[in-house]
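Heads up: the structure comes next, in structure tokens.
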Amino acid sequence: MQQIQAPKGTKDIIPSESHKWHYIEDEIRKQCELFGASEVRTPIIEHTELFLRGVGDTTDIVQKEMYTFLDKGGRSITLKPEGTAGIVRAFLENRLFNEPMPQKLYYLYSPTFRYEKPQAGRYREHHQFGVEFIGSYSPKTDAEVIILAMTLFKKLGITQLGLHINSIGCPVCRKAYNAALHDYFMGYADDMCQTCRTRLDTNPMRIIDCKVPQCKEIAKHAPRTVDYLCDDCKEHFEGVKRCLEATGVEYKVDPDIVRGLDYYTGTVFEVVSDRIGAQGTVCGGGRYNGLIEELGGQSLPAVGFGMGMERLIAVMENNEVNFPAPPSVTVYVAAMGEAARLKAFALVQELRSKGISAEFDHMDRSLKAQLKYANKLGSVYTTVLGDDELTAGSVRVKCMADGTEEAVELDRLADYFDMK
RNA sequence: GUGGGUGUAGUUCAGCUGGAAGAGCGCCAGAUUGUGGCUCUGGAUGUCGUGGGUUCAAAUCCCAUCACUCACCCCA
């Protein structure tokens, strides 16, 4: 029989990995609560329309990477390719705009799907943690969102990360900027790659992102967003930087950050690692003051980020961060003979009911094999139950680490481990 | 969608210009019949990814195909 594999670009999270996820998820919850954010869980599927309007129908994500299908009712449904649109939809649908502002929301168990060709740090299904702070124009809110991310990295023991920030301006300054870009690149059109030539008219900002050497060279001296910001945007960006400096968060202004989703306005940022392969962006986000209105709400500002869990774990592994050890069994109750095995079975259930993790032999193995198994489980203590112990009513409890033994009465076993 | 790399034991891999399929780790058994880890001794395990071609002879050379992987594009 041929084995069926997981679909291309997807990955199982097996026991040796899942405890890492639990650890990170716990830290995320803690940090988010400290920052006053509350969790929102939204469906994995949404109406395709949401992403057409939210992410932008000229973006690569929408044009070629979405998992879209018709359901049995003929509705066009899409597996979410990013987290923000769904959160904003839920915010509007549940009228969270009636709650105190800013609404600080986060999402954590968020499988995200994009039909891409997989490589290191890039999957067709990945998981995102993200934060969306809705309702405040203040640069302090931008800074706080960034600081939340940076604090989390620090808490997780991650160093070696670069924070890159930029401002791509509001629609007003974007207009002037795009015109300046167009004029500039027009002069080099013949030397640029095919895609960049079409970008000239559709979205000249994307040319700055191009990795083709000639385009990169030309883009080096292209006009920068920061030079075309209107006074409000300029002041706002300065405000963000002041807040970061006031809290000692190091950053680098990187005019090359443009971001591939249409909804961004003003502040954009990325947190980047240089040791997890070519896909180094662990966290990316920014301000999106137009999105909520675009999705049918009132005009409300917002700022947020998405963080790739798989990349986060990759960074931690490359940073040699110590994950806590996976939980192990406290006591393994080995047994020989029918009566003792039955007693061991009952004993284990009783220990568990008292909050002590315990295990027994499910497979009628020899005593030796049982102890080997106990050892592999990482069992802290073992005890052997046989006819002798049953008649005596006491067992010897052995500490697997140092081999010491202690005699304990059978009916006081739970208390014994409780004390430990 | 475009390009590079890799598919050999459960696993990580070695196998030079074609000539009897190997090692480490793991697994099983024994030394030790009621005690795991450590040590020693012995043992089992292969459609050499799949299909075709060249050849007296293919894991090795050629073609195709699939899978995995890395990079481009884009992004977390």
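Order determines the names: the first chain of the structure tokens is A, the second B, and so forth; residues in each chain are numbered 1 upward, and ligands are numbered 1 upward as they are shown.
Using only C-alpha atoms (C1' of nucleotides), one finds that the residues of chain B close to chain A, at 8 Å or less, are G34, U35, G36, G37, U69, C70, A71, C74, C75 and A76 of chain B.
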Residue subset to file, keeping C-alpha atoms (C1' of nucleotides), as a short mmCIF file (atom, residue, chain, number, x, y, z; two decimals), in the first residue's frame:
```cif
data_model
loop_
_atom_site.label_atom_id
_atom_site.label_comp_id
_atom_site.auth_asym_id
_atom_site.auth_seq_id
_atom_site.Cartn_x
_atom_site.Cartn_y
_atom_site.Cartn_z
"C1'" G B 34 11.92 -9.37 40.06
"C1'" U B 35 14.54 -3.97 37.87
"C1'" G B 36 15.80 0.86 33.26
"C1'" G B 37 20.25 4.06 31.84
"C1'" U B 69 14.78 20.30 -0.57
"C1'" C B 70 17.02 25.17 -1.58
"C1'" A B 71 16.74 29.71 -4.31
"C1'" C B 74 6.08 37.22 -3.07
"C1'" C B 75 5.57 37.21 2.01
"C1'" A B 76 4.97 35.46 7.93
#
```
Q.
Going by DSSP on the backbone, which residues of segment 115-290 of chain A come out as strand (DSSP E)? List them as a PyMOL selection string.
A. chain A and resi 125-134+162-167+252-253+267-272+281-287
Mind dumping the selected residues with N, CA and C atoms as a tab-separated table (two decimals), in the first residue's frame?
```tsv
chain	number	residue	atom	x	y	z
A	125	GLU	N	0.64	26.15	4.20
A	125	GLU	CA	-0.12	26.45	5.41
A	125	GLU	C	0.88	26.88	6.46
A	126	HIS	N	0.72	28.07	6.99
A	126	HIS	CA	1.55	28.44	8.13
A	126	HIS	C	0.65	29.04	9.19
A	127	HIS	N	1.21	29.29	10.34
A	127	HIS	CA	0.39	29.78	11.45
A	127	HIS	C	0.85	31.16	11.87
A	128	GLN	N	-0.11	32.02	12.08
A	128	GLN	CA	0.24	33.39	12.45
A	128	GLN	C	-0.32	33.75	13.81
A	129	PHE	N	0.50	34.48	14.52
A	129	PHE	CA	0.04	35.23	15.68
A	129	PHE	C	0.03	36.67	15.23
A	130	GLY	N	-0.99	37.42	15.61
A	130	GLY	CA	-1.03	38.81	15.19
A	130	GLY	C	-1.78	39.67	16.16
A	131	VAL	N	-1.60	40.95	15.99
A	131	VAL	CA	-2.18	41.93	16.90
A	131	VAL	C	-2.79	43.04	16.06
A	132	GLU	N	-3.97	43.50	16.42
A	132	GLU	CA	-4.57	44.64	15.72
A	132	GLU	C	-5.10	45.61	16.77
A	133	PHE	N	-4.54	46.81	16.79
A	133	PHE	CA	-5.02	47.84	17.71
A	133	PHE	C	-5.83	48.84	16.90
A	134	ILE	N	-7.12	48.91	17.18
A	134	ILE	CA	-8.03	49.69	16.34
A	134	ILE	C	-8.55	50.93	17.08
A	162	GLY	N	16.66	42.24	13.71
A	162	GLY	CA	16.70	43.64	13.32
A	162	GLY	C	15.30	44.19	13.15
A	163	LEU	N	15.04	45.35	13.74
A	163	LEU	CA	13.76	46.02	13.55
A	163	LEU	C	13.93	47.09	12.48
A	164	HIS	N	13.21	46.94	11.40
A	164	HIS	CA	13.28	47.91	10.31
A	164	HIS	C	11.96	48.65	10.21
A	165	ILE	N	12.01	49.97	10.17
A	165	ILE	CA	10.76	50.72	10.07
A	165	ILE	C	10.82	51.70	8.91
A	166	ASN	N	9.66	52.08	8.46
A	166	ASN	CA	9.56	53.04	7.37
A	166	ASN	C	8.17	53.65	7.43
A	167	SER	N	8.00	54.74	6.69
A	167	SER	CA	6.64	55.26	6.53
A	167	SER	C	6.35	55.37	5.04
A	252	LYS	N	16.05	50.57	12.74
A	252	LYS	CA	16.75	51.13	11.60
A	252	LYS	C	15.69	51.60	10.61
A	253	VAL	N	15.83	52.83	10.15
A	253	VAL	CA	14.89	53.29	9.14
A	253	VAL	C	15.31	52.66	7.82
A	267	THR	N	3.08	54.18	8.90
A	267	THR	CA	4.12	53.31	9.45
A	267	THR	C	4.06	51.89	8.90
A	268	VAL	N	5.19	51.38	8.45
A	268	VAL	CA	5.31	49.95	8.16
A	268	VAL	C	6.59	49.46	8.81
A	269	PHE	N	6.62	48.19	9.20
A	269	PHE	CA	7.83	47.68	9.84
A	269	PHE	C	7.98	46.19	9.63
A	270	GLU	N	9.22	45.72	9.76
A	270	GLU	CA	9.51	44.30	9.68
A	270	GLU	C	10.54	43.95	10.74
A	271	VAL	N	10.42	42.77	11.29
A	271	VAL	CA	11.45	42.27	12.18
A	271	VAL	C	12.11	41.10	11.45
A	272	VAL	N	13.42	41.22	11.25
A	272	VAL	CA	14.10	40.34	10.32
A	272	VAL	C	15.26	39.59	10.99
A	281	THR	N	11.89	37.39	7.24
A	281	THR	CA	10.93	38.23	7.96
A	281	THR	C	10.10	37.39	8.92
A	282	VAL	N	10.27	37.67	10.20
A	282	VAL	CA	9.56	36.91	11.23
A	282	VAL	C	8.25	37.61	11.56
A	283	CYS	N	8.27	38.92	11.45
A	283	CYS	CA	7.12	39.69	11.86
A	283	CYS	C	7.02	40.90	10.93
A	284	GLY	N	5.84	41.17	10.43
A	284	GLY	CA	5.66	42.31	9.55
A	284	GLY	C	4.33	42.98	9.81
A	285	GLY	N	4.32	44.30	9.73
A	285	GLY	CA	3.04	44.96	9.98
A	285	GLY	C	3.12	46.45	9.73
A	286	GLY	N	2.11	47.14	10.22
A	286	GLY	CA	2.07	48.57	10.03
A	286	GLY	C	0.69	49.12	10.26
A	287	ARG	N	0.53	50.35	9.86
A	287	ARG	CA	-0.73	51.07	10.07
A	287	ARG	C	-1.61	50.93	8.84
```
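Atom CA of Ala340 of chain A to atom CA of Asp364 of chain A spans 11.8 Å [interatomic distance, one decimal].
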Q.
Quick one: residues within 10 Å of segment 25-30 of chain B, only C-alpha atoms (C1' of nucleotides), excluding same-chain residues fewer than 2 positions away - as a PyMOL selection string?
A. chain B and resi 10-12+23+32+41-45
(Q) What's the separation between atom CA of Phe91 of chain A and atom CA of Pro139 of chain A, in Å to one decimal place? (A)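 Between atom CA of Phe91 of chain A and atom CA of Pro139 of chain A the gap is 21.7 Å.
Look at A58 of chain B: the protein and nucleic acid residues within 8 Å of it, using only C-alpha atoms (C1' of nucleotides) and passing over chain neighbours fewer than 2 places away, are G18, U60 and C61 of chain B.
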Once you have the residues from the selection above, write them out as a JSON list (two decimals), in the first residue's frame, restricted to N, CA and C atoms (P, O5', C5', C4', C3', O3' and C1' of nucleotides).
```json
[["chain", "number", "residue", "atom", "x", "y", "z"],
["B", 18, "G", "P", 32.21, 3.77, -15.09],
["B", 18, "G", "O5'", 31.78, 3.62, -13.57],
["B", 18, "G", "C5'", 32.13, 2.55, -12.79],
["B", 18, "G", "C4'", 30.96, 1.56, -12.70],
["B", 18, "G", "C3'", 31.44, 0.15, -12.45],
["B", 18, "G", "O3'", 30.79, -0.33, -11.28],
["B", 18, "G", "C1'", 29.88, 0.23, -14.23],
["B", 60, "U", "P", 21.91, 3.00, -11.43],
["B", 60, "U", "O5'", 23.33, 3.70, -11.23],
["B", 60, "U", "C5'", 23.45, 5.01, -10.65],
["B", 60, "U", "C4'", 24.92, 5.31, -10.44],
["B", 60, "U", "C3'", 25.71, 5.48, -11.73],
["B", 60, "U", "O3'", 26.57, 6.60, -11.64],
["B", 60, "U", "C1'", 26.67, 3.78, -10.38],
["B", 61, "C", "P", 26.10, 7.97, -12.21],
["B", 61, "C", "O5'", 26.10, 7.68, -13.78],
["B", 61, "C", "C5'", 27.27, 7.87, -14.56],
["B", 61, "C", "C4'", 26.96, 7.66, -16.01],
["B", 61, "C", "C3'", 25.62, 8.22, -16.48],
["B", 61, "C", "O3'", 25.71, 9.61, -16.78],
["B", 61, "C", "C1'", 25.85, 6.02, -17.28]]
```
Q: Could you please write out, as a list of chain:residue names, every residue of segment 240-284 of chain A that DSSP assigns to alpha helix (DSSP H)?
A: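 The alpha helix (DSSP H) subset of segment 240-284 of chain A is A:Val240, A:Lys241, A:Arg242, A:Cys243, A:Leu244, A:Glu245, A:Ala246.
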